[in-house]
Structure formats: C-alpha cells, structure tokens
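So this one's structure.csv, CSV, C-alpha atoms:
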chain,number,residue,atom,x,y,z
H,517,MET,CA,-3.1,-6.2,-3.2
H,518,ARG,CA,-3.8,-4.3,0.0
H,519,ALA,CA,-1.1,-2.7,2.2
H,520,ARG,CA,-1.3,-1.4,5.7
H,521,ILE,CA,1.4,1.0,6.8
H,522,PHE,CA,2.1,2.0,10.4
H,523,ILE,CA,3.8,5.3,11.0
H,524,ARG,CA,5.2,5.7,14.5
H,525,LEU,CA,7.3,8.3,16.2
H,526,LYS,CA,10.8,7.0,16.8
H,527,GLU,CA,11.5,5.5,20.2
H,528,GLY,CA,13.3,8.5,21.7
H,529,VAL,CA,10.9,11.2,20.3
H,530,LEU,CA,8.5,12.7,22.9
H,531,ASP,CA,4.9,11.9,22.0
H,532,VAL,CA,3.0,14.8,23.4
H,533,GLN,CA,-0.3,13.7,21.9
H,534,GLY,CA,0.1,10.3,23.5
H,535,GLN,CA,0.8,11.9,26.9
H,536,VAL,CA,-2.3,14.0,26.7
H,537,VAL,CA,-4.4,10.9,25.8
H,538,GLN,CA,-2.9,9.0,28.6
H,539,ARG,CA,-3.7,11.6,31.1
H,540,ALA,CA,-7.2,11.9,29.9
H,541,LEU,CA,-7.7,8.1,30.1
H,542,ARG,CA,-6.4,8.1,33.7
H,543,ASN,CA,-8.7,10.9,34.6
H,544,LEU,CA,-11.5,8.7,33.4
H,545,GLY,CA,-10.4,6.0,35.7
H,546,PHE,CA,-8.2,3.9,33.4
H,547,GLU,CA,-5.2,4.0,35.8
H,548,GLU,CA,-3.7,0.9,34.2
H,549,VAL,CA,-2.7,2.8,31.1
H,550,GLU,CA,1.0,3.4,30.5
H,551,ASN,CA,3.2,4.6,27.7
H,552,VAL,CA,0.6,5.6,25.2
H,553,ARG,CA,2.0,6.3,21.7
H,554,ILE,CA,-0.1,7.6,18.9
H,555,GLY,CA,0.8,7.0,15.2
H,556,LYS,CA,-0.9,6.8,11.9
H,557,LEU,CA,-2.5,3.9,10.1
H,558,ILE,CA,-2.5,4.2,6.3
H,559,GLU,CA,-4.3,1.6,4.3
H,560,MET,CA,-4.4,1.4,0.5
H,561,GLU,CA,-5.1,-0.8,-2.4
H,562,LEU,CA,-2.5,-1.3,-5.1
H,563,SER,CA,-3.0,-2.4,-8.7
H,564,ASN,CA,0.7,-3.4,-8.8
H,565,GLY,CA,2.2,-5.0,-5.8
H,566,GLU,CA,5.8,-4.0,-5.3
H,567,GLU,CA,6.8,-3.6,-1.7
H,568,GLY,CA,9.8,-1.6,-2.7
H,569,ARG,CA,7.6,1.0,-4.1
H,570,ILE,CA,5.6,1.2,-0.9
H,571,ARG,CA,8.9,1.8,0.9
H,572,ASP,CA,9.6,4.6,-1.6
H,573,MET,CA,6.2,6.1,-0.8
H,574,CYS,CA,7.0,6.1,2.9
H,575,GLU,CA,10.4,7.6,2.5
H,576,ARG,CA,9.4,10.2,0.0
H,577,MET,CA,6.0,11.3,1.4
H,578,LEU,CA,4.2,9.3,4.1
H,579,ALA,CA,6.7,9.3,6.9
H,580,ASN,CA,9.1,11.9,8.2
H,581,PRO,CA,12.3,9.9,8.4
H,582,VAL,CA,13.8,12.3,10.9
H,583,VAL,CA,11.3,11.6,13.7
H,584,GLU,CA,9.2,8.7,12.4
H,585,ASP,CA,9.6,5.0,11.6
H,586,TYR,CA,7.3,3.0,9.3
H,587,GLU,CA,6.2,-0.6,9.1
H,588,ILE,CA,4.6,-2.1,6.0
H,589,VAL,CA,2.2,-5.1,6.2
H,590,ILE,CA,1.1,-6.6,2.9
H,591,GLU,CA,-2.2,-8.3,2.8
H,592,ASP,CA,-2.9,-10.2,-0.4
H,593,GLY,CA,-6.6,-10.3,-1.1
H,594,GLU,CA,-9.4,-9.7,-3.5
H,595,GLY,CA,-8.0,-6.3,-4.3
M,1255,MET,CA,0.4,-6.4,28.4
M,1256,ARG,CA,0.6,-4.3,25.3
M,1257,ALA,CA,-2.4,-3.3,23.1
M,1258,ARG,CA,-2.6,-1.9,19.7
M,1259,ILE,CA,-5.8,-0.1,18.7
M,1260,PHE,CA,-6.7,0.8,15.1
M,1261,ILE,CA,-9.2,3.6,14.7
M,1262,ARG,CA,-10.6,3.9,11.2
M,1263,LEU,CA,-13.3,6.0,9.5
M,1264,LYS,CA,-16.4,3.8,8.9
M,1265,GLU,CA,-16.7,2.4,5.4
M,1266,GLY,CA,-19.2,5.0,4.1
M,1267,VAL,CA,-17.5,8.0,5.5
M,1268,LEU,CA,-15.6,10.2,3.1
M,1269,ASP,CA,-11.9,10.2,3.9
M,1270,VAL,CA,-10.7,13.6,2.7
M,1271,GLN,CA,-7.3,13.2,4.1
M,1272,GLY,CA,-6.9,9.9,2.4
M,1273,GLN,CA,-8.0,11.4,-0.9
M,1274,VAL,CA,-5.4,14.2,-0.6
M,1275,VAL,CA,-2.6,11.7,0.2
M,1276,GLN,CA,-3.7,9.5,-2.8
M,1277,ARG,CA,-3.6,12.4,-5.2
M,1278,ALA,CA,-0.2,13.5,-3.9
M,1279,LEU,CA,1.2,9.9,-4.3
M,1280,ARG,CA,-0.1,9.7,-7.8
M,1281,ASN,CA,1.5,13.1,-8.6
M,1282,LEU,CA,4.8,11.6,-7.5
M,1283,GLY,CA,4.3,8.8,-10.0
M,1284,PHE,CA,2.7,6.1,-7.8
M,1285,GLU,CA,-0.2,5.6,-10.1
M,1286,GLU,CA,-0.9,2.1,-8.7
M,1287,VAL,CA,-2.4,3.6,-5.5
M,1288,GLU,CA,-6.1,3.3,-4.9
M,1289,ASN,CA,-8.5,3.8,-2.1
M,1290,VAL,CA,-6.2,5.3,0.5
M,1291,ARG,CA,-7.7,5.5,4.0
M,1292,ILE,CA,-6.0,7.1,6.9
M,1293,GLY,CA,-6.7,6.2,10.5
M,1294,LYS,CA,-5.0,6.3,13.9
M,1295,LEU,CA,-2.7,3.7,15.5
M,1296,ILE,CA,-2.8,3.9,19.3
M,1297,GLU,CA,-0.4,1.7,21.2
M,1298,MET,CA,-0.2,1.4,25.0
M,1299,GLU,CA,1.0,-0.7,27.8
M,1300,LEU,CA,-1.4,-1.9,30.5
M,1301,SER,CA,-0.6,-3.1,34.0
M,1302,ASN,CA,-4.0,-4.9,34.1
M,1303,GLY,CA,-5.1,-6.7,31.0
M,1304,GLU,CA,-8.8,-6.6,30.5
M,1305,GLU,CA,-9.8,-6.3,26.9
M,1306,GLY,CA,-13.3,-5.1,28.0
M,1307,ARG,CA,-11.7,-2.1,29.6
M,1308,ILE,CA,-9.9,-1.2,26.4
M,1309,ARG,CA,-13.2,-1.4,24.5
M,1310,ASP,CA,-14.6,1.0,27.1
M,1311,MET,CA,-11.7,3.4,26.5
M,1312,CYS,CA,-12.4,3.3,22.7
M,1313,GLU,CA,-16.1,3.9,23.2
M,1314,ARG,CA,-15.7,6.6,25.8
M,1315,MET,CA,-12.8,8.5,24.4
M,1316,LEU,CA,-10.5,7.1,21.7
M,1317,ALA,CA,-13.0,6.6,18.9
M,1318,ASN,CA,-15.9,8.7,17.7
M,1319,PRO,CA,-18.5,6.0,17.4
M,1320,VAL,CA,-20.6,8.0,15.0
M,1321,VAL,CA,-18.0,8.0,12.2
M,1322,GLU,CA,-15.2,5.7,13.4
M,1323,ASP,CA,-14.7,2.0,14.0
M,1324,TYR,CA,-12.1,0.5,16.3
M,1325,GLU,CA,-10.1,-2.8,16.3
M,1326,ILE,CA,-8.2,-4.0,19.3
M,1327,VAL,CA,-5.1,-6.3,19.0
M,1328,ILE,CA,-3.7,-7.6,22.3
M,1329,GLU,CA,0.0,-8.4,22.3
M,1330,ASP,CA,1.1,-10.3,25.4
M,1331,GLY,CA,4.7,-9.5,26.1
M,1332,GLU,CA,7.3,-8.3,28.5
M,1333,GLY,CA,5.2,-5.4,29.4

What's the structure tokens form of this structure?
Amino acid sequence: MRARIFIRLKEGVLDVQGQVVQRALRNLGFEEVENVRIGKLIEMELSNGEEGRIRDMCERMLANPVVEDYEIVIEDGEG
Amino acid sequence: MRARIFIRLKEGVLDVQGQVVQRALRNLGFEEVENVRIGKLIEMELSNGEEGRIRDMCERMLANPVVEDYEIVIEDGEG
C-alpha cells in the first residue's frame, strides 16, 4: 500500500514562505498568482495498511498539530 | 482557479530527509514504513487559468529541474 500525506499550515497561520514565493513569482511576471501556501508532501510505502496508524504517525511526528493540518490519501497499488 | 503543485525529488535522487523521517518513524514503532520520500506541496489561486503558465512557474522558479520533478493538479472552484 502507498500513502500520500499532505501537511499544510492551518488556515489562520501566516505562511511567510508562501508570501515570499508569491512575491518572487509576481516579480517574474506571474501577476495572476494569489494566496500561495506551501506545505509538505510525504509519500511512503507500507507493508501493513492501517490508516489509523498513519494518523498516529501524523499526530506523533509528521505534523505539528498546533499550527498544521494533515490529509491522508491512500493509494492501493503494487506496493 | 486553484492549482496544487507537487514537487518531488527525481526517482534516482537520494532523499536524505525521507530516510531520516523513516528511521524516526520506525524508532517510534511504525516498522511497516518503507521508502519515505518528502517533497513540497504548493497551493495557489490564479486569476487567470493557463496551465502552461503554471508549468513555466515550475520550470523557472518552483522546481529545480536537475533533481526535481513537478506535477500540476488544477482544481476549478470558487476561486
């Protein structure tokens, strides 16, 4: 089983890195860009597919629950 | 229009950060975890929705084409 985990800053949390990237894109001429947010993409294979355990991983290590949200997408596959 | 961009290290590129996270997860008891890869998730709104321009952004700024691949997912929506 493969899993993809998105880690995002919570809605109200200022995303400084996103602001810097947005400004840089606009300086390059991409004026259509708005509200850039930067998060993490974590991909893994699992020999035992329990989504509850992936949630545990997020809560205990992968995400900072004070300022980040996580989203888990399971991809069944050859793995 | 909203776009989601995944930036990943290319297949053959060693993902040191992924290895460190994998080891830490196993030390916490998540022995089922394999092949952890860590990338970036970039989300943005666009007032003008041309996917070709998002590709340009990736090639000119968001990704490092020597070691990274990118994937663009367009989400039409209220934005």

Long-range neighbours of H:Glu566 as a compact mmCIF listing (two decimals) with C-alpha atoms, in the frame of the given file, 12 Å cut-off, all atoms listed in the file, 6 positions minimum in chain:
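Result file follows (part_25.txt):
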# COMPACT_ATOMS: atom_id res chain seq x y z
CA MET H 517 -3.10 -6.20 -3.20
CA ARG H 518 -3.80 -4.30 0.00
CA ALA H 519 -1.10 -2.70 2.20
CA ASP H 572 9.60 4.60 -1.60
CA MET H 573 6.20 6.10 -0.80
CA ILE H 588 4.60 -2.10 6.00
CA ILE H 590 1.10 -6.60 2.90
CA ASP H 592 -2.90 -10.20 -0.40
CA PHE M 1284 2.70 6.10 -7.80
CA GLU M 1286 -0.90 2.10 -8.70
CA VAL M 1287 -2.40 3.60 -5.50

Provide as a PDB file with C-alpha atoms, in the frame of the given file the residues of chain H at most 6 Å from chain M, counting only C-alpha atoms.
ATOM      1  CA  GLU H 548      -3.700   0.900  34.200  1.00  0.00           C
ATOM      2  CA  VAL H 549      -2.700   2.800  31.100  1.00  0.00           C
ATOM      3  CA  GLU H 550       1.000   3.400  30.500  1.00  0.00           C
ATOM      4  CA  ASN H 551       3.200   4.600  27.700  1.00  0.00           C
ATOM      5  CA  VAL H 552       0.600   5.600  25.200  1.00  0.00           C
ATOM      6  CA  ARG H 553       2.000   6.300  21.700  1.00  0.00           C
ATOM      7  CA  ILE H 554      -0.100   7.600  18.900  1.00  0.00           C
ATOM      8  CA  GLY H 555       0.800   7.000  15.200  1.00  0.00           C
ATOM      9  CA  LYS H 556      -0.900   6.800  11.900  1.00  0.00           C
ATOM     10  CA  LEU H 557      -2.500   3.900  10.100  1.00  0.00           C
ATOM     11  CA  ILE H 558      -2.500   4.200   6.300  1.00  0.00           C
ATOM     12  CA  GLU H 559      -4.300   1.600   4.300  1.00  0.00           C
ATOM     13  CA  MET H 560      -4.400   1.400   0.500  1.00  0.00           C
ATOM     14  CA  GLU H 561      -5.100  -0.800  -2.400  1.00  0.00           C
ATOM     15  CA  LEU H 562      -2.500  -1.300  -5.100  1.00  0.00           C
ATOM     16  CA  SER H 563      -3.000  -2.400  -8.700  1.00  0.00           C
ATOM     17  CA  ASN H 564       0.700  -3.400  -8.800  1.00  0.00           C
TER      18      ASN H 564
END

Superimposed copy of chain H on chain M by least squares over C-alpha atoms, as an mmCIF file with C-alpha atoms, keeping the file's coordinate frame:
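This is the output file superposed.cif:
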data_model
loop_
_atom_site.group_PDB
_atom_site.id
_atom_site.type_symbol
_atom_site.label_atom_id
_atom_site.label_comp_id
_atom_site.auth_asym_id
_atom_site.auth_seq_id
_atom_site.Cartn_x
_atom_site.Cartn_y
_atom_site.Cartn_z
ATOM 1 C CA MET H 517 0.362 -6.458 28.378
ATOM 2 C CA ARG H 518 0.567 -4.311 25.265
ATOM 3 C CA ALA H 519 -2.450 -3.316 23.121
ATOM 4 C CA ARG H 520 -2.587 -1.859 19.681
ATOM 5 C CA ILE H 521 -5.791 -0.135 18.670
ATOM 6 C CA PHE H 522 -6.730 0.818 15.112
ATOM 7 C CA ILE H 523 -9.177 3.634 14.643
ATOM 8 C CA ARG H 524 -10.651 3.834 11.156
ATOM 9 C CA LEU H 525 -13.324 5.921 9.557
ATOM 10 C CA LYS H 526 -16.411 3.844 8.885
ATOM 11 C CA GLU H 527 -16.747 2.365 5.421
ATOM 12 C CA GLY H 528 -19.224 4.904 4.040
ATOM 13 C CA VAL H 529 -17.537 8.041 5.565
ATOM 14 C CA LEU H 530 -15.582 10.183 3.043
ATOM 15 C CA ASP H 531 -11.891 10.235 3.927
ATOM 16 C CA VAL H 532 -10.752 13.564 2.661
ATOM 17 C CA GLN H 533 -7.277 13.228 4.130
ATOM 18 C CA GLY H 534 -6.855 9.903 2.385
ATOM 19 C CA GLN H 535 -7.937 11.430 -0.947
ATOM 20 C CA VAL H 536 -5.433 14.204 -0.643
ATOM 21 C CA VAL H 537 -2.644 11.665 0.136
ATOM 22 C CA GLN H 538 -3.657 9.580 -2.750
ATOM 23 C CA ARG H 539 -3.519 12.400 -5.133
ATOM 24 C CA ALA H 540 -0.188 13.482 -3.904
ATOM 25 C CA LEU H 541 1.211 9.926 -4.262
ATOM 26 C CA ARG H 542 -0.070 9.766 -7.865
ATOM 27 C CA ASN H 543 1.484 13.073 -8.634
ATOM 28 C CA LEU H 544 4.737 11.562 -7.514
ATOM 29 C CA GLY H 545 4.307 8.777 -9.932
ATOM 30 C CA PHE H 546 2.690 6.114 -7.734
ATOM 31 C CA GLU H 547 -0.259 5.590 -10.143
ATOM 32 C CA GLU H 548 -0.960 2.156 -8.684
ATOM 33 C CA VAL H 549 -2.372 3.626 -5.511
ATOM 34 C CA GLU H 550 -6.104 3.292 -4.905
ATOM 35 C CA ASN H 551 -8.514 3.807 -2.068
ATOM 36 C CA VAL H 552 -6.218 5.297 0.485
ATOM 37 C CA ARG H 553 -7.727 5.490 4.005
ATOM 38 C CA ILE H 554 -5.987 7.138 6.868
ATOM 39 C CA GLY H 555 -6.697 6.183 10.534
ATOM 40 C CA LYS H 556 -4.981 6.258 13.832
ATOM 41 C CA LEU H 557 -2.721 3.755 15.515
ATOM 42 C CA ILE H 558 -2.773 3.885 19.325
ATOM 43 C CA GLU H 559 -0.390 1.712 21.222
ATOM 44 C CA MET H 560 -0.225 1.382 25.010
ATOM 45 C CA GLU H 561 0.999 -0.706 27.818
ATOM 46 C CA LEU H 562 -1.390 -1.931 30.481
ATOM 47 C CA SER H 563 -0.621 -3.030 34.034
ATOM 48 C CA ASN H 564 -3.971 -4.894 34.072
ATOM 49 C CA GLY H 565 -5.057 -6.680 31.000
ATOM 50 C CA GLU H 566 -8.795 -6.555 30.524
ATOM 51 C CA GLU H 567 -9.881 -6.256 26.939
ATOM 52 C CA GLY H 568 -13.268 -5.081 28.008
ATOM 53 C CA ARG H 569 -11.752 -2.089 29.528
ATOM 54 C CA ILE H 570 -9.875 -1.279 26.349
ATOM 55 C CA ARG H 571 -13.232 -1.415 24.560
ATOM 56 C CA ASP H 572 -14.572 1.026 27.172
ATOM 57 C CA MET H 573 -11.638 3.333 26.454
ATOM 58 C CA CYS H 574 -12.433 3.297 22.753
ATOM 59 C CA GLU H 575 -16.092 3.916 23.199
ATOM 60 C CA ARG H 576 -15.734 6.572 25.812
ATOM 61 C CA MET H 577 -12.706 8.516 24.477
ATOM 62 C CA LEU H 578 -10.492 7.125 21.704
ATOM 63 C CA ALA H 579 -12.933 6.641 18.894
ATOM 64 C CA ASN H 580 -15.895 8.640 17.693
ATOM 65 C CA PRO H 581 -18.521 5.939 17.392
ATOM 66 C CA VAL H 582 -20.567 8.011 14.988
ATOM 67 C CA VAL H 583 -17.987 8.053 12.174
ATOM 68 C CA GLU H 584 -15.244 5.691 13.361
ATOM 69 C CA ASP H 585 -14.738 1.973 14.001
ATOM 70 C CA TYR H 586 -12.012 0.490 16.226
ATOM 71 C CA GLU H 587 -10.077 -2.745 16.279
ATOM 72 C CA ILE H 588 -8.147 -3.946 19.321
ATOM 73 C CA VAL H 589 -5.096 -6.268 19.006
ATOM 74 C CA ILE H 590 -3.650 -7.598 22.246
ATOM 75 C CA GLU H 591 -0.038 -8.456 22.290
ATOM 76 C CA ASP H 592 1.116 -10.266 25.411
ATOM 77 C CA GLY H 593 4.735 -9.502 26.125
ATOM 78 C CA GLU H 594 7.321 -8.348 28.562
ATOM 79 C CA GLY H 595 5.148 -5.422 29.498
#

Quiz item: By how many Å are atom CA of H:Glu591 and atom CA of H:Glu575 apart?
Solution: 20.3 Å

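The shortest atom-to-atom distance to M:Glu1325, with all atoms listed in the file taken into account, belongs to M:Glu1305 out of M:Arg1280, M:Gly1266, M:Glu1305, M:Gln1273.
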
Practice problem: Just give me the gap between atom CA of H:Ala579 and atom CA of M:Val1274 in Å, one decimal is fine. | Solution: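 It comes out at 15.1 Å.
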
Exercise. Record the distance separating atom CA of H:Gly568 and atom CA of H:Tyr586, expressed in Å with one decimal.
Key: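 According to the coordinates, atom CA of H:Gly568 and atom CA of H:Tyr586 are separated by 13.1 Å.
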
Quiz prompt | Near-M:Leu1263 list (7 Å; all atoms listed in the file; drop same-chain fewer than 2 positions) as a ChimeraX atom specification | solution = /M:1265,1267,1293,1321-1323

Reconstruct N, CA and C atoms of stretch 1289-1300 of chain M from the incomplete input and present them as a PDB file, keeping the file's coordinate frame.
ATOM      1  N   ASN M1289      -7.746   3.938  -3.299  1.00  0.00           N
ATOM      2  CA  ASN M1289      -8.500   3.800  -2.100  1.00  0.00           C
ATOM      3  C   ASN M1289      -7.722   3.956  -0.805  1.00  0.00           C
ATOM      4  N   VAL M1290      -7.019   5.062  -0.710  1.00  0.00           N
ATOM      5  CA  VAL M1290      -6.200   5.300   0.500  1.00  0.00           C
ATOM      6  C   VAL M1290      -7.120   5.772   1.621  1.00  0.00           C
ATOM      7  N   ARG M1291      -6.930   5.156   2.779  1.00  0.00           N
ATOM      8  CA  ARG M1291      -7.700   5.500   4.000  1.00  0.00           C
ATOM      9  C   ARG M1291      -6.712   5.756   5.094  1.00  0.00           C
ATOM     10  N   ILE M1292      -6.951   6.798   5.845  1.00  0.00           N
ATOM     11  CA  ILE M1292      -6.000   7.100   6.900  1.00  0.00           C
ATOM     12  C   ILE M1292      -6.723   7.077   8.259  1.00  0.00           C
ATOM     13  N   GLY M1293      -6.107   6.350   9.156  1.00  0.00           N
ATOM     14  CA  GLY M1293      -6.700   6.200  10.500  1.00  0.00           C
ATOM     15  C   GLY M1293      -5.614   6.440  11.547  1.00  0.00           C
ATOM     16  N   LYS M1294      -5.955   6.070  12.765  1.00  0.00           N
ATOM     17  CA  LYS M1294      -5.000   6.300  13.900  1.00  0.00           C
ATOM     18  C   LYS M1294      -4.560   4.911  14.397  1.00  0.00           C
ATOM     19  N   LEU M1295      -3.317   4.900  14.847  1.00  0.00           N
ATOM     20  CA  LEU M1295      -2.700   3.700  15.500  1.00  0.00           C
ATOM     21  C   LEU M1295      -2.415   4.170  16.913  1.00  0.00           C
ATOM     22  N   ILE M1296      -3.056   3.538  17.890  1.00  0.00           N
ATOM     23  CA  ILE M1296      -2.800   3.900  19.300  1.00  0.00           C
ATOM     24  C   ILE M1296      -2.191   2.670  19.960  1.00  0.00           C
ATOM     25  N   GLU M1297      -1.011   2.840  20.541  1.00  0.00           N
ATOM     26  CA  GLU M1297      -0.400   1.700  21.200  1.00  0.00           C
ATOM     27  C   GLU M1297      -0.181   2.101  22.688  1.00  0.00           C
ATOM     28  N   MET M1298      -0.351   1.106  23.562  1.00  0.00           N
ATOM     29  CA  MET M1298      -0.200   1.400  25.000  1.00  0.00           C
ATOM     30  C   MET M1298       0.209   0.137  25.748  1.00  0.00           C
ATOM     31  N   GLU M1299       0.746   0.368  26.926  1.00  0.00           N
ATOM     32  CA  GLU M1299       1.000  -0.700  27.800  1.00  0.00           C
ATOM     33  C   GLU M1299      -0.063  -0.670  28.935  1.00  0.00           C
ATOM     34  N   LEU M1300      -0.401  -1.849  29.491  1.00  0.00           N
ATOM     35  CA  LEU M1300      -1.400  -1.900  30.500  1.00  0.00           C
ATOM     36  C   LEU M1300      -0.966  -2.792  31.647  1.00  0.00           C
TER      37      LEU M1300
END
